[in-house]
Amino acid sequence: MSDKKQKRVNLSNEKKLEVIKKLQSGVSHQAIMKEYGISSSQCYQLPNNVTKILEVIKDNSIFKTRKNMRACKNADLDSAVFMWFQQMRSRGEPVNGPALQEKALIFNEKLNNSTTFKASSGWLNRFKKRYGISFES
């Protein structure tokens with residue numbers, strides 16, 4: 001017997017849905033495990049998480065490529081800042097990082113006034129990554 005442990009493969013949400021559809025259409029677990037390189041426990045657990053995966057993807061199509069479904073700490077704040085960002089962009093007004101950080105602090109005061117929240121550059125980078133935002137020069 002081999003003592004080698006199989007390395008865990010993290011599938012994107014899109015791939016997870018693909019696996020679930022194949023399982024529902026009758027493809028064997030063994031074939032799927034071989035094709036995607038996933039463990040048996042991961043293969044058998046995926047159908048149990050289908051509603052959670054669909055819920056995450058329906059909110060924002062950017063989450064299709066994400067591999068985990070961990071939410072941010074201040075979901076209300078995040079969605080408010082993103083809505084504001086979309087409104088500014090639809091009006092054609094320029095939005096930059098410092099403006100997003102400033103607006104996040106204002107929304108934080110209005111929404112939940114978390115004393116630990118700081119609109120740091122780390123928060124900004126994660127926010128941009130979460131929503132697929134890039135600022136072109």
# chains A, B, ... in the order shown; residues from 1 in each chain; ligands from 1
$ residues_around --residues "Asp78 in chain A" --least-positions-apart "6" --cutoff "10 Å" --atoms "only C-alpha atoms" --output "PyMOL selection string"
chain A and resi 72+84+104+107-108+127+130-131
$ atom_distance --atom1 "CA of Gly132 in chain A" --atom2 "CA of Lys16 in chain A"
20.5 Å
$ atom_distance --atom1 "CA of Gly122 in chain A" --atom2 "CA of Arg89 in chain A"
22.4 Å
$ residues_around --residues "Gln101 in chain A" --least-positions-apart "2" --cutoff "12 Å" --atoms "only C-alpha atoms" --output "ChimeraX atom specification"
/A:77-78,81-82,84-85,95-99,103-108,117-128
$ select_by_dssp --residues "chain A" --states "helix (DSSP H, G or I)" --output "compact mmCIF listing (two decimals) with N, CA, C and O atoms, in the first residue's frame"
# COMPACT_ATOMS: atom_id res chain seq x y z
N ASN A 13 -16.42 27.17 -8.79
CA ASN A 13 -17.86 26.93 -8.65
C ASN A 13 -18.47 26.44 -9.96
O ASN A 13 -19.38 25.63 -9.96
N GLU A 14 -17.96 26.94 -11.07
CA GLU A 14 -18.44 26.52 -12.38
C GLU A 14 -18.15 25.04 -12.61
O GLU A 14 -19.01 24.29 -13.08
N LYS A 15 -16.93 24.61 -12.26
CA LYS A 15 -16.55 23.19 -12.41
C LYS A 15 -17.36 22.31 -11.46
O LYS A 15 -17.73 21.19 -11.80
N LYS A 16 -17.64 22.83 -10.25
CA LYS A 16 -18.44 22.06 -9.30
C LYS A 16 -19.83 21.80 -9.88
O LYS A 16 -20.36 20.68 -9.78
N LEU A 17 -20.43 22.81 -10.50
CA LEU A 17 -21.75 22.63 -11.12
C LEU A 17 -21.67 21.64 -12.27
O LEU A 17 -22.58 20.84 -12.48
N GLU A 18 -20.57 21.69 -13.02
CA GLU A 18 -20.34 20.76 -14.12
C GLU A 18 -20.32 19.32 -13.59
O GLU A 18 -20.96 18.43 -14.16
N VAL A 19 -19.61 19.09 -12.51
CA VAL A 19 -19.52 17.76 -11.89
C VAL A 19 -20.90 17.31 -11.43
O VAL A 19 -21.31 16.17 -11.67
N ILE A 20 -21.65 18.20 -10.79
CA ILE A 20 -22.98 17.86 -10.29
C ILE A 20 -23.91 17.47 -11.43
O ILE A 20 -24.64 16.49 -11.34
N LYS A 21 -23.85 18.22 -12.55
CA LYS A 21 -24.69 17.90 -13.71
C LYS A 21 -24.33 16.54 -14.28
O LYS A 21 -25.21 15.77 -14.67
N LYS A 22 -23.04 16.23 -14.32
CA LYS A 22 -22.62 14.92 -14.82
C LYS A 22 -23.09 13.81 -13.90
O LYS A 22 -23.53 12.76 -14.37
N LEU A 23 -23.02 14.03 -12.61
CA LEU A 23 -23.50 13.04 -11.65
C LEU A 23 -25.01 12.81 -11.82
O LEU A 23 -25.49 11.68 -11.79
N GLN A 24 -25.74 13.89 -12.02
CA GLN A 24 -27.19 13.79 -12.19
C GLN A 24 -27.57 13.10 -13.50
O GLN A 24 -28.61 12.47 -13.59
N HIS A 29 -19.30 7.91 -10.35
CA HIS A 29 -18.42 8.67 -9.46
C HIS A 29 -16.96 8.40 -9.81
O HIS A 29 -16.13 9.31 -9.78
N GLN A 30 -16.65 7.16 -10.12
CA GLN A 30 -15.27 6.79 -10.45
C GLN A 30 -14.76 7.56 -11.66
O GLN A 30 -13.63 8.06 -11.68
N ALA A 31 -15.60 7.68 -12.70
CA ALA A 31 -15.20 8.39 -13.91
C ALA A 31 -14.97 9.87 -13.63
O ALA A 31 -14.01 10.47 -14.12
N ILE A 32 -15.82 10.44 -12.82
CA ILE A 32 -15.69 11.86 -12.48
C ILE A 32 -14.45 12.10 -11.62
O ILE A 32 -13.71 13.06 -11.83
N MET A 33 -14.22 11.20 -10.66
CA MET A 33 -13.04 11.35 -9.80
C MET A 33 -11.77 11.30 -10.64
O MET A 33 -10.83 12.07 -10.40
N LYS A 34 -11.75 10.44 -11.62
CA LYS A 34 -10.57 10.32 -12.48
C LYS A 34 -10.43 11.55 -13.39
O LYS A 34 -9.34 12.08 -13.56
N GLU A 35 -11.55 11.99 -13.98
CA GLU A 35 -11.51 13.11 -14.92
C GLU A 35 -11.07 14.41 -14.24
O GLU A 35 -10.28 15.17 -14.79
N TYR A 36 -11.59 14.69 -13.05
CA TYR A 36 -11.32 15.96 -12.37
C TYR A 36 -10.21 15.86 -11.33
O TYR A 36 -9.79 16.88 -10.78
N SER A 40 -12.84 10.87 -3.44
CA SER A 40 -14.19 10.30 -3.39
C SER A 40 -15.09 11.11 -2.46
O SER A 40 -16.25 11.35 -2.77
N SER A 41 -14.54 11.56 -1.31
CA SER A 41 -15.38 12.34 -0.39
C SER A 41 -15.83 13.65 -1.03
O SER A 41 -16.97 14.07 -0.86
N GLN A 42 -14.94 14.28 -1.77
CA GLN A 42 -15.30 15.54 -2.44
C GLN A 42 -16.37 15.27 -3.51
O GLN A 42 -17.33 16.01 -3.65
N CYS A 43 -16.22 14.16 -4.23
CA CYS A 43 -17.16 13.81 -5.29
C CYS A 43 -18.55 13.53 -4.72
O CYS A 43 -19.55 13.93 -5.29
N TYR A 44 -18.60 12.84 -3.60
CA TYR A 44 -19.89 12.50 -2.99
C TYR A 44 -20.53 13.68 -2.26
O TYR A 44 -21.73 13.72 -2.08
N GLN A 45 -19.73 14.65 -1.81
CA GLN A 45 -20.26 15.80 -1.08
C GLN A 45 -20.81 16.90 -1.99
O GLN A 45 -21.68 17.67 -1.57
N LEU A 46 -20.30 17.01 -3.20
CA LEU A 46 -20.70 18.11 -4.09
C LEU A 46 -22.22 18.21 -4.30
O LEU A 46 -22.76 19.32 -4.22
N PRO A 47 -22.94 17.11 -4.57
CA PRO A 47 -24.39 17.25 -4.75
C PRO A 47 -25.12 17.82 -3.54
O PRO A 47 -26.17 18.44 -3.67
N ASN A 48 -24.55 17.66 -2.35
CA ASN A 48 -25.17 18.20 -1.14
C ASN A 48 -25.07 19.72 -1.08
O ASN A 48 -25.82 20.37 -0.36
N ASN A 49 -24.12 20.30 -1.81
CA ASN A 49 -23.88 21.74 -1.75
C ASN A 49 -24.44 22.50 -2.95
O ASN A 49 -24.13 23.66 -3.14
N VAL A 50 -25.24 21.85 -3.78
CA VAL A 50 -25.69 22.48 -5.02
C VAL A 50 -26.47 23.77 -4.76
O VAL A 50 -26.28 24.76 -5.46
N THR A 51 -27.33 23.80 -3.75
CA THR A 51 -28.11 25.02 -3.51
C THR A 51 -27.22 26.17 -3.06
O THR A 51 -27.42 27.31 -3.47
N LYS A 52 -26.22 25.86 -2.26
CA LYS A 52 -25.29 26.88 -1.79
C LYS A 52 -24.48 27.44 -2.97
O LYS A 52 -24.29 28.66 -3.09
N ILE A 53 -24.02 26.57 -3.85
CA ILE A 53 -23.24 26.99 -5.01
C ILE A 53 -24.09 27.87 -5.93
O ILE A 53 -23.65 28.92 -6.37
N LEU A 54 -25.32 27.43 -6.21
CA LEU A 54 -26.21 28.20 -7.08
C LEU A 54 -26.54 29.56 -6.48
O LEU A 54 -26.62 30.56 -7.19
N GLU A 55 -26.71 29.62 -5.17
CA GLU A 55 -27.01 30.88 -4.48
C GLU A 55 -25.86 31.87 -4.62
O GLU A 55 -26.06 33.05 -4.86
N VAL A 56 -24.64 31.37 -4.48
CA VAL A 56 -23.46 32.23 -4.59
C VAL A 56 -23.32 32.74 -6.01
O VAL A 56 -23.04 33.92 -6.23
N ILE A 57 -23.54 31.89 -7.00
CA ILE A 57 -23.35 32.28 -8.40
C ILE A 57 -24.43 33.24 -8.86
O ILE A 57 -24.16 34.17 -9.61
N LYS A 58 -25.67 33.05 -8.40
CA LYS A 58 -26.76 33.92 -8.88
C LYS A 58 -26.57 35.37 -8.45
O LYS A 58 -27.00 36.28 -9.12
N ASP A 59 -25.93 35.58 -7.30
CA ASP A 59 -25.72 36.94 -6.82
C ASP A 59 -24.80 37.72 -7.74
O ASP A 59 -25.00 38.90 -7.98
N SER A 61 -22.10 36.91 -11.25
CA SER A 61 -21.48 35.93 -12.14
C SER A 61 -19.97 35.84 -11.96
O SER A 61 -19.35 34.88 -12.40
N ILE A 62 -19.36 36.81 -11.31
CA ILE A 62 -17.92 36.79 -11.06
C ILE A 62 -17.57 35.60 -10.18
O ILE A 62 -16.49 35.03 -10.28
N PHE A 63 -18.51 35.16 -9.34
CA PHE A 63 -18.26 34.07 -8.41
C PHE A 63 -18.19 32.71 -9.08
O PHE A 63 -17.92 31.72 -8.42
N LYS A 64 -18.45 32.64 -10.39
CA LYS A 64 -18.34 31.37 -11.10
C LYS A 64 -16.91 30.85 -11.06
O LYS A 64 -16.68 29.66 -10.97
N ALA A 75 -20.86 41.97 4.50
CA ALA A 75 -21.52 41.75 3.21
C ALA A 75 -22.41 42.95 2.83
O ALA A 75 -22.46 43.34 1.66
N ASP A 76 -23.10 43.52 3.80
CA ASP A 76 -23.98 44.66 3.53
C ASP A 76 -23.16 45.85 3.04
O ASP A 76 -23.54 46.53 2.08
N LEU A 77 -22.07 46.09 3.71
CA LEU A 77 -21.19 47.19 3.34
C LEU A 77 -20.63 46.97 1.94
O LEU A 77 -20.64 47.88 1.11
N ASP A 78 -20.18 45.75 1.68
CA ASP A 78 -19.62 45.42 0.38
C ASP A 78 -20.63 45.65 -0.74
O ASP A 78 -20.32 46.26 -1.76
N SER A 79 -21.84 45.17 -0.55
CA SER A 79 -22.85 45.32 -1.60
C SER A 79 -23.23 46.79 -1.79
O SER A 79 -23.47 47.23 -2.91
N ALA A 80 -23.27 47.56 -0.71
CA ALA A 80 -23.60 48.99 -0.82
C ALA A 80 -22.51 49.73 -1.60
O ALA A 80 -22.82 50.55 -2.47
N VAL A 81 -21.26 49.44 -1.29
CA VAL A 81 -20.15 50.09 -1.99
C VAL A 81 -20.16 49.69 -3.46
O VAL A 81 -19.95 50.52 -4.35
N PHE A 82 -20.43 48.41 -3.74
CA PHE A 82 -20.45 47.95 -5.13
C PHE A 82 -21.60 48.59 -5.90
O PHE A 82 -21.44 48.97 -7.07
N MET A 83 -22.76 48.74 -5.25
CA MET A 83 -23.90 49.41 -5.92
C MET A 83 -23.55 50.86 -6.24
O MET A 83 -23.84 51.35 -7.34
N TRP A 84 -22.93 51.53 -5.29
CA TRP A 84 -22.51 52.91 -5.51
C TRP A 84 -21.52 52.97 -6.67
O TRP A 84 -21.63 53.84 -7.54
N PHE A 85 -20.57 52.04 -6.68
CA PHE A 85 -19.57 51.98 -7.74
C PHE A 85 -20.25 51.81 -9.11
O PHE A 85 -19.92 52.51 -10.07
N GLN A 86 -21.23 50.91 -9.19
CA GLN A 86 -21.93 50.68 -10.46
C GLN A 86 -22.71 51.92 -10.90
O GLN A 86 -22.74 52.25 -12.08
N GLN A 87 -23.31 52.62 -9.94
CA GLN A 87 -24.05 53.84 -10.26
C GLN A 87 -23.12 54.91 -10.82
O GLN A 87 -23.44 55.59 -11.80
N MET A 88 -21.97 55.07 -10.20
CA MET A 88 -21.00 56.07 -10.68
C MET A 88 -20.50 55.72 -12.08
O MET A 88 -20.40 56.58 -12.95
N ARG A 89 -20.19 54.46 -12.29
CA ARG A 89 -19.72 54.02 -13.61
C ARG A 89 -20.80 54.19 -14.67
O ARG A 89 -20.51 54.56 -15.79
N SER A 90 -22.06 53.91 -14.33
CA SER A 90 -23.14 54.04 -15.32
C SER A 90 -23.37 55.50 -15.69
O SER A 90 -23.79 55.81 -16.80
N ARG A 91 -23.08 56.42 -14.77
CA ARG A 91 -23.18 57.85 -15.07
C ARG A 91 -21.98 58.36 -15.86
O ARG A 91 -21.98 59.49 -16.32
N GLY A 97 -9.50 54.23 -6.48
CA GLY A 97 -9.36 53.53 -5.21
C GLY A 97 -9.65 54.38 -3.99
O GLY A 97 -10.45 53.98 -3.13
N PRO A 98 -9.02 55.55 -3.87
CA PRO A 98 -9.29 56.38 -2.69
C PRO A 98 -10.76 56.79 -2.56
O PRO A 98 -11.28 56.88 -1.45
N ALA A 99 -11.44 56.99 -3.69
CA ALA A 99 -12.87 57.34 -3.64
C ALA A 99 -13.67 56.16 -3.10
O ALA A 99 -14.59 56.34 -2.30
N LEU A 100 -13.31 54.94 -3.51
CA LEU A 100 -13.99 53.75 -3.01
C LEU A 100 -13.76 53.58 -1.51
O LEU A 100 -14.69 53.26 -0.76
N GLN A 101 -12.52 53.82 -1.08
CA GLN A 101 -12.21 53.69 0.35
C GLN A 101 -12.98 54.71 1.17
O GLN A 101 -13.51 54.38 2.24
N GLU A 102 -13.05 55.94 0.67
CA GLU A 102 -13.77 57.00 1.39
C GLU A 102 -15.25 56.66 1.48
O GLU A 102 -15.88 56.81 2.54
N LYS A 103 -15.82 56.19 0.37
CA LYS A 103 -17.24 55.84 0.36
C LYS A 103 -17.51 54.66 1.29
O LYS A 103 -18.55 54.61 1.96
N ALA A 104 -16.58 53.71 1.36
CA ALA A 104 -16.73 52.55 2.24
C ALA A 104 -16.79 53.00 3.70
O ALA A 104 -17.59 52.49 4.48
N LEU A 105 -15.96 53.97 4.05
CA LEU A 105 -15.97 54.48 5.43
C LEU A 105 -17.30 55.18 5.74
O LEU A 105 -17.85 55.03 6.83
N ILE A 106 -17.81 55.92 4.77
CA ILE A 106 -19.09 56.62 4.96
C ILE A 106 -20.22 55.60 5.12
O ILE A 106 -21.05 55.71 6.02
N PHE A 107 -20.24 54.58 4.23
CA PHE A 107 -21.28 53.55 4.33
C PHE A 107 -21.15 52.76 5.63
O PHE A 107 -22.15 52.35 6.20
N ASN A 108 -19.94 52.54 6.09
CA ASN A 108 -19.73 51.82 7.34
C ASN A 108 -20.37 52.58 8.50
O ASN A 108 -21.01 51.98 9.36
N GLU A 109 -20.21 53.88 8.51
CA GLU A 109 -20.83 54.70 9.56
C GLU A 109 -22.35 54.60 9.51
O GLU A 109 -23.00 54.48 10.54
N LYS A 110 -22.90 54.64 8.29
CA LYS A 110 -24.35 54.64 8.13
C LYS A 110 -24.97 53.26 8.39
O LYS A 110 -26.07 53.17 8.93
N LEU A 111 -24.26 52.20 7.97
CA LEU A 111 -24.85 50.87 8.05
C LEU A 111 -24.71 50.20 9.41
O LEU A 111 -25.68 49.86 10.06
N SER A 121 -5.75 49.58 2.14
CA SER A 121 -5.41 49.18 0.78
C SER A 121 -5.63 47.67 0.61
O SER A 121 -5.98 47.21 -0.48
N GLY A 122 -5.45 46.90 1.68
CA GLY A 122 -5.73 45.46 1.63
C GLY A 122 -7.20 45.20 1.38
O GLY A 122 -7.58 44.35 0.58
N TRP A 123 -8.08 45.94 2.09
CA TRP A 123 -9.52 45.81 1.87
C TRP A 123 -9.85 46.16 0.43
O TRP A 123 -10.61 45.46 -0.24
N LEU A 124 -9.26 47.25 -0.07
CA LEU A 124 -9.52 47.69 -1.44
C LEU A 124 -9.11 46.62 -2.45
O LEU A 124 -9.87 46.32 -3.38
N ASN A 125 -7.94 46.05 -2.27
CA ASN A 125 -7.48 45.01 -3.20
C ASN A 125 -8.41 43.80 -3.18
O ASN A 125 -8.75 43.26 -4.24
N ARG A 126 -8.84 43.37 -2.00
CA ARG A 126 -9.75 42.22 -1.91
C ARG A 126 -11.11 42.56 -2.50
O ARG A 126 -11.73 41.74 -3.17
N PHE A 127 -11.58 43.79 -2.26
CA PHE A 127 -12.86 44.24 -2.81
C PHE A 127 -12.81 44.21 -4.34
O PHE A 127 -13.72 43.70 -4.99
N LYS A 128 -11.74 44.76 -4.89
CA LYS A 128 -11.60 44.77 -6.35
C LYS A 128 -11.54 43.36 -6.91
O LYS A 128 -12.13 43.06 -7.94
N LYS A 129 -10.85 42.48 -6.23
CA LYS A 129 -10.74 41.10 -6.68
C LYS A 129 -12.09 40.38 -6.59
O LYS A 129 -12.48 39.64 -7.49
N ARG A 130 -12.83 40.62 -5.49
CA ARG A 130 -14.14 39.99 -5.31
C ARG A 130 -15.10 40.35 -6.43
O ARG A 130 -15.88 39.53 -6.89
N TYR A 131 -15.06 41.60 -6.87
CA TYR A 131 -16.02 42.08 -7.86
C TYR A 131 -15.43 42.25 -9.26
O TYR A 131 -16.11 42.75 -10.15
$ decode --residues "range 84-97 of chain A" --atoms "all heavy atoms" --output "PDB file, in the first residue's frame"
ATOM      1  N   TRP A  84     -22.928  51.530  -5.286  1.00  0.00           N
ATOM      2  CA  TRP A  84     -22.508  52.913  -5.511  1.00  0.00           C
ATOM      3  C   TRP A  84     -21.521  52.971  -6.672  1.00  0.00           C
ATOM      4  O   TRP A  84     -21.627  53.840  -7.538  1.00  0.00           O
ATOM      5  CB  TRP A  84     -21.877  53.485  -4.241  1.00  0.00           C
ATOM      6  CG  TRP A  84     -21.297  54.850  -4.437  1.00  0.00           C
ATOM      7  CD1 TRP A  84     -21.967  56.037  -4.424  1.00  0.00           C
ATOM      8  CD2 TRP A  84     -19.934  55.161  -4.720  1.00  0.00           C
ATOM      9  NE1 TRP A  84     -21.098  57.073  -4.662  1.00  0.00           N
ATOM     10  CE2 TRP A  84     -19.836  56.563  -4.853  1.00  0.00           C
ATOM     11  CE3 TRP A  84     -18.775  54.400  -4.864  1.00  0.00           C
ATOM     12  CZ2 TRP A  84     -18.639  57.208  -5.135  1.00  0.00           C
ATOM     13  CZ3 TRP A  84     -17.581  55.049  -5.133  1.00  0.00           C
ATOM     14  CH2 TRP A  84     -17.527  56.434  -5.267  1.00  0.00           C
ATOM     15  N   PHE A  85     -20.571  52.038  -6.681  1.00  0.00           N
ATOM     16  CA  PHE A  85     -19.573  51.979  -7.744  1.00  0.00           C
ATOM     17  C   PHE A  85     -20.253  51.811  -9.113  1.00  0.00           C
ATOM     18  O   PHE A  85     -19.919  52.509 -10.071  1.00  0.00           O
ATOM     19  CB  PHE A  85     -18.606  50.816  -7.490  1.00  0.00           C
ATOM     20  CG  PHE A  85     -17.669  50.546  -8.616  1.00  0.00           C
ATOM     21  CD1 PHE A  85     -16.561  51.354  -8.821  1.00  0.00           C
ATOM     22  CD2 PHE A  85     -17.884  49.490  -9.486  1.00  0.00           C
ATOM     23  CE1 PHE A  85     -15.686  51.115  -9.870  1.00  0.00           C
ATOM     24  CE2 PHE A  85     -17.017  49.244 -10.535  1.00  0.00           C
ATOM     25  CZ  PHE A  85     -15.924  50.056 -10.722  1.00  0.00           C
ATOM     26  N   GLN A  86     -21.227  50.908  -9.195  1.00  0.00           N
ATOM     27  CA  GLN A  86     -21.932  50.683 -10.458  1.00  0.00           C
ATOM     28  C   GLN A  86     -22.705  51.925 -10.895  1.00  0.00           C
ATOM     29  O   GLN A  86     -22.737  52.253 -12.085  1.00  0.00           O
ATOM     30  CB  GLN A  86     -22.892  49.501 -10.326  1.00  0.00           C
ATOM     31  CG  GLN A  86     -22.194  48.167 -10.270  1.00  0.00           C
ATOM     32  CD  GLN A  86     -23.172  47.026 -10.092  1.00  0.00           C
ATOM     33  OE1 GLN A  86     -24.104  47.102  -9.292  1.00  0.00           O
ATOM     34  NE2 GLN A  86     -22.944  45.945 -10.828  1.00  0.00           N
ATOM     35  N   GLN A  87     -23.311  52.621  -9.941  1.00  0.00           N
ATOM     36  CA  GLN A  87     -24.054  53.841 -10.262  1.00  0.00           C
ATOM     37  C   GLN A  87     -23.120  54.909 -10.825  1.00  0.00           C
ATOM     38  O   GLN A  87     -23.443  55.586 -11.803  1.00  0.00           O
ATOM     39  CB  GLN A  87     -24.779  54.371  -9.033  1.00  0.00           C
ATOM     40  CG  GLN A  87     -25.944  53.525  -8.610  1.00  0.00           C
ATOM     41  CD  GLN A  87     -26.510  53.960  -7.268  1.00  0.00           C
ATOM     42  OE1 GLN A  87     -25.940  54.800  -6.572  1.00  0.00           O
ATOM     43  NE2 GLN A  87     -27.637  53.360  -6.888  1.00  0.00           N
ATOM     44  N   MET A  88     -21.967  55.066 -10.201  1.00  0.00           N
ATOM     45  CA  MET A  88     -21.000  56.067 -10.678  1.00  0.00           C
ATOM     46  C   MET A  88     -20.502  55.717 -12.081  1.00  0.00           C
ATOM     47  O   MET A  88     -20.404  56.582 -12.945  1.00  0.00           O
ATOM     48  CB  MET A  88     -19.798  56.159  -9.725  1.00  0.00           C
ATOM     49  CG  MET A  88     -20.114  56.717  -8.359  1.00  0.00           C
ATOM     50  SD  MET A  88     -20.673  58.427  -8.421  1.00  0.00           S
ATOM     51  CE  MET A  88     -22.390  58.248  -8.023  1.00  0.00           C
ATOM     52  N   ARG A  89     -20.191  54.459 -12.293  1.00  0.00           N
ATOM     53  CA  ARG A  89     -19.723  54.018 -13.606  1.00  0.00           C
ATOM     54  C   ARG A  89     -20.797  54.190 -14.671  1.00  0.00           C
ATOM     55  O   ARG A  89     -20.509  54.558 -15.794  1.00  0.00           O
ATOM     56  CB  ARG A  89     -19.274  52.548 -13.563  1.00  0.00           C
ATOM     57  CG  ARG A  89     -17.905  52.333 -12.969  1.00  0.00           C
ATOM     58  CD  ARG A  89     -16.843  52.514 -14.051  1.00  0.00           C
ATOM     59  NE  ARG A  89     -15.495  52.518 -13.541  1.00  0.00           N
ATOM     60  CZ  ARG A  89     -14.656  51.488 -13.598  1.00  0.00           C
ATOM     61  NH1 ARG A  89     -15.038  50.354 -14.106  1.00  0.00           N
ATOM     62  NH2 ARG A  89     -13.434  51.624 -13.138  1.00  0.00           N
ATOM     63  N   SER A  90     -22.061  53.906 -14.330  1.00  0.00           N
ATOM     64  CA  SER A  90     -23.138  54.041 -15.320  1.00  0.00           C
ATOM     65  C   SER A  90     -23.370  55.505 -15.691  1.00  0.00           C
ATOM     66  O   SER A  90     -23.793  55.809 -16.801  1.00  0.00           O
ATOM     67  CB  SER A  90     -24.429  53.411 -14.806  1.00  0.00           C
ATOM     68  OG  SER A  90     -24.931  54.124 -13.709  1.00  0.00           O
ATOM     69  N   ARG A  91     -23.076  56.416 -14.773  1.00  0.00           N
ATOM     70  CA  ARG A  91     -23.179  57.853 -15.068  1.00  0.00           C
ATOM     71  C   ARG A  91     -21.983  58.363 -15.856  1.00  0.00           C
ATOM     72  O   ARG A  91     -21.975  59.491 -16.317  1.00  0.00           O
ATOM     73  CB  ARG A  91     -23.257  58.658 -13.769  1.00  0.00           C
ATOM     74  CG  ARG A  91     -24.508  58.489 -12.995  1.00  0.00           C
ATOM     75  CD  ARG A  91     -24.468  59.408 -11.793  1.00  0.00           C
ATOM     76  NE  ARG A  91     -25.437  59.002 -10.807  1.00  0.00           N
ATOM     77  CZ  ARG A  91     -25.411  59.363  -9.542  1.00  0.00           C
ATOM     78  NH1 ARG A  91     -24.444  60.149  -9.101  1.00  0.00           N
ATOM     79  NH2 ARG A  91     -26.321  58.943  -8.710  1.00  0.00           N
ATOM     80  N   GLY A  92     -20.941  57.540 -15.927  1.00  0.00           N
ATOM     81  CA  GLY A  92     -19.733  57.947 -16.637  1.00  0.00           C
ATOM     82  C   GLY A  92     -18.758  58.722 -15.770  1.00  0.00           C
ATOM     83  O   GLY A  92     -17.806  59.304 -16.277  1.00  0.00           O
ATOM     84  N   GLU A  93     -19.004  58.725 -14.476  1.00  0.00           N
ATOM     85  CA  GLU A  93     -18.113  59.441 -13.563  1.00  0.00           C
ATOM     86  C   GLU A  93     -16.926  58.550 -13.200  1.00  0.00           C
ATOM     87  O   GLU A  93     -17.094  57.359 -12.952  1.00  0.00           O
ATOM     88  CB  GLU A  93     -18.866  59.841 -12.297  1.00  0.00           C
ATOM     89  CG  GLU A  93     -19.956  60.863 -12.562  1.00  0.00           C
ATOM     90  CD  GLU A  93     -20.666  61.301 -11.297  1.00  0.00           C
ATOM     91  OE1 GLU A  93     -20.030  61.302 -10.229  1.00  0.00           O
ATOM     92  OE2 GLU A  93     -21.849  61.641 -11.400  1.00  0.00           O
ATOM     93  N   PRO A  94     -15.730  59.132 -13.162  1.00  0.00           N
ATOM     94  CA  PRO A  94     -14.560  58.314 -12.822  1.00  0.00           C
ATOM     95  C   PRO A  94     -14.554  57.949 -11.332  1.00  0.00           C
ATOM     96  O   PRO A  94     -14.921  58.748 -10.477  1.00  0.00           O
ATOM     97  CB  PRO A  94     -13.382  59.237 -13.161  1.00  0.00           C
ATOM     98  CG  PRO A  94     -13.939  60.615 -13.072  1.00  0.00           C
ATOM     99  CD  PRO A  94     -15.386  60.514 -13.467  1.00  0.00           C
ATOM    100  N   VAL A  95     -14.152  56.710 -11.066  1.00  0.00           N
ATOM    101  CA  VAL A  95     -14.050  56.229  -9.685  1.00  0.00           C
ATOM    102  C   VAL A  95     -12.666  55.630  -9.526  1.00  0.00           C
ATOM    103  O   VAL A  95     -12.230  54.833 -10.350  1.00  0.00           O
ATOM    104  CB  VAL A  95     -15.114  55.152  -9.391  1.00  0.00           C
ATOM    105  CG1 VAL A  95     -14.979  54.652  -7.970  1.00  0.00           C
ATOM    106  CG2 VAL A  95     -16.508  55.684  -9.642  1.00  0.00           C
ATOM    107  N   ASN A  96     -11.989  56.026  -8.461  1.00  0.00           N
ATOM    108  CA  ASN A  96     -10.659  55.459  -8.204  1.00  0.00           C
ATOM    109  C   ASN A  96     -10.634  54.812  -6.819  1.00  0.00           C
ATOM    110  O   ASN A  96     -11.614  54.839  -6.086  1.00  0.00           O
ATOM    111  CB  ASN A  96      -9.576  56.543  -8.346  1.00  0.00           C
ATOM    112  CG  ASN A  96      -9.798  57.709  -7.397  1.00  0.00           C
ATOM    113  OD1 ASN A  96     -10.569  57.628  -6.462  1.00  0.00           O
ATOM    114  ND2 ASN A  96      -9.107  58.804  -7.658  1.00  0.00           N
ATOM    115  N   GLY A  97      -9.501  54.233  -6.479  1.00  0.00           N
ATOM    116  CA  GLY A  97      -9.357  53.529  -5.211  1.00  0.00           C
ATOM    117  C   GLY A  97      -9.647  54.375  -3.990  1.00  0.00           C
ATOM    118  O   GLY A  97     -10.453  53.978  -3.129  1.00  0.00           O
TER     119      GLY A  97
END
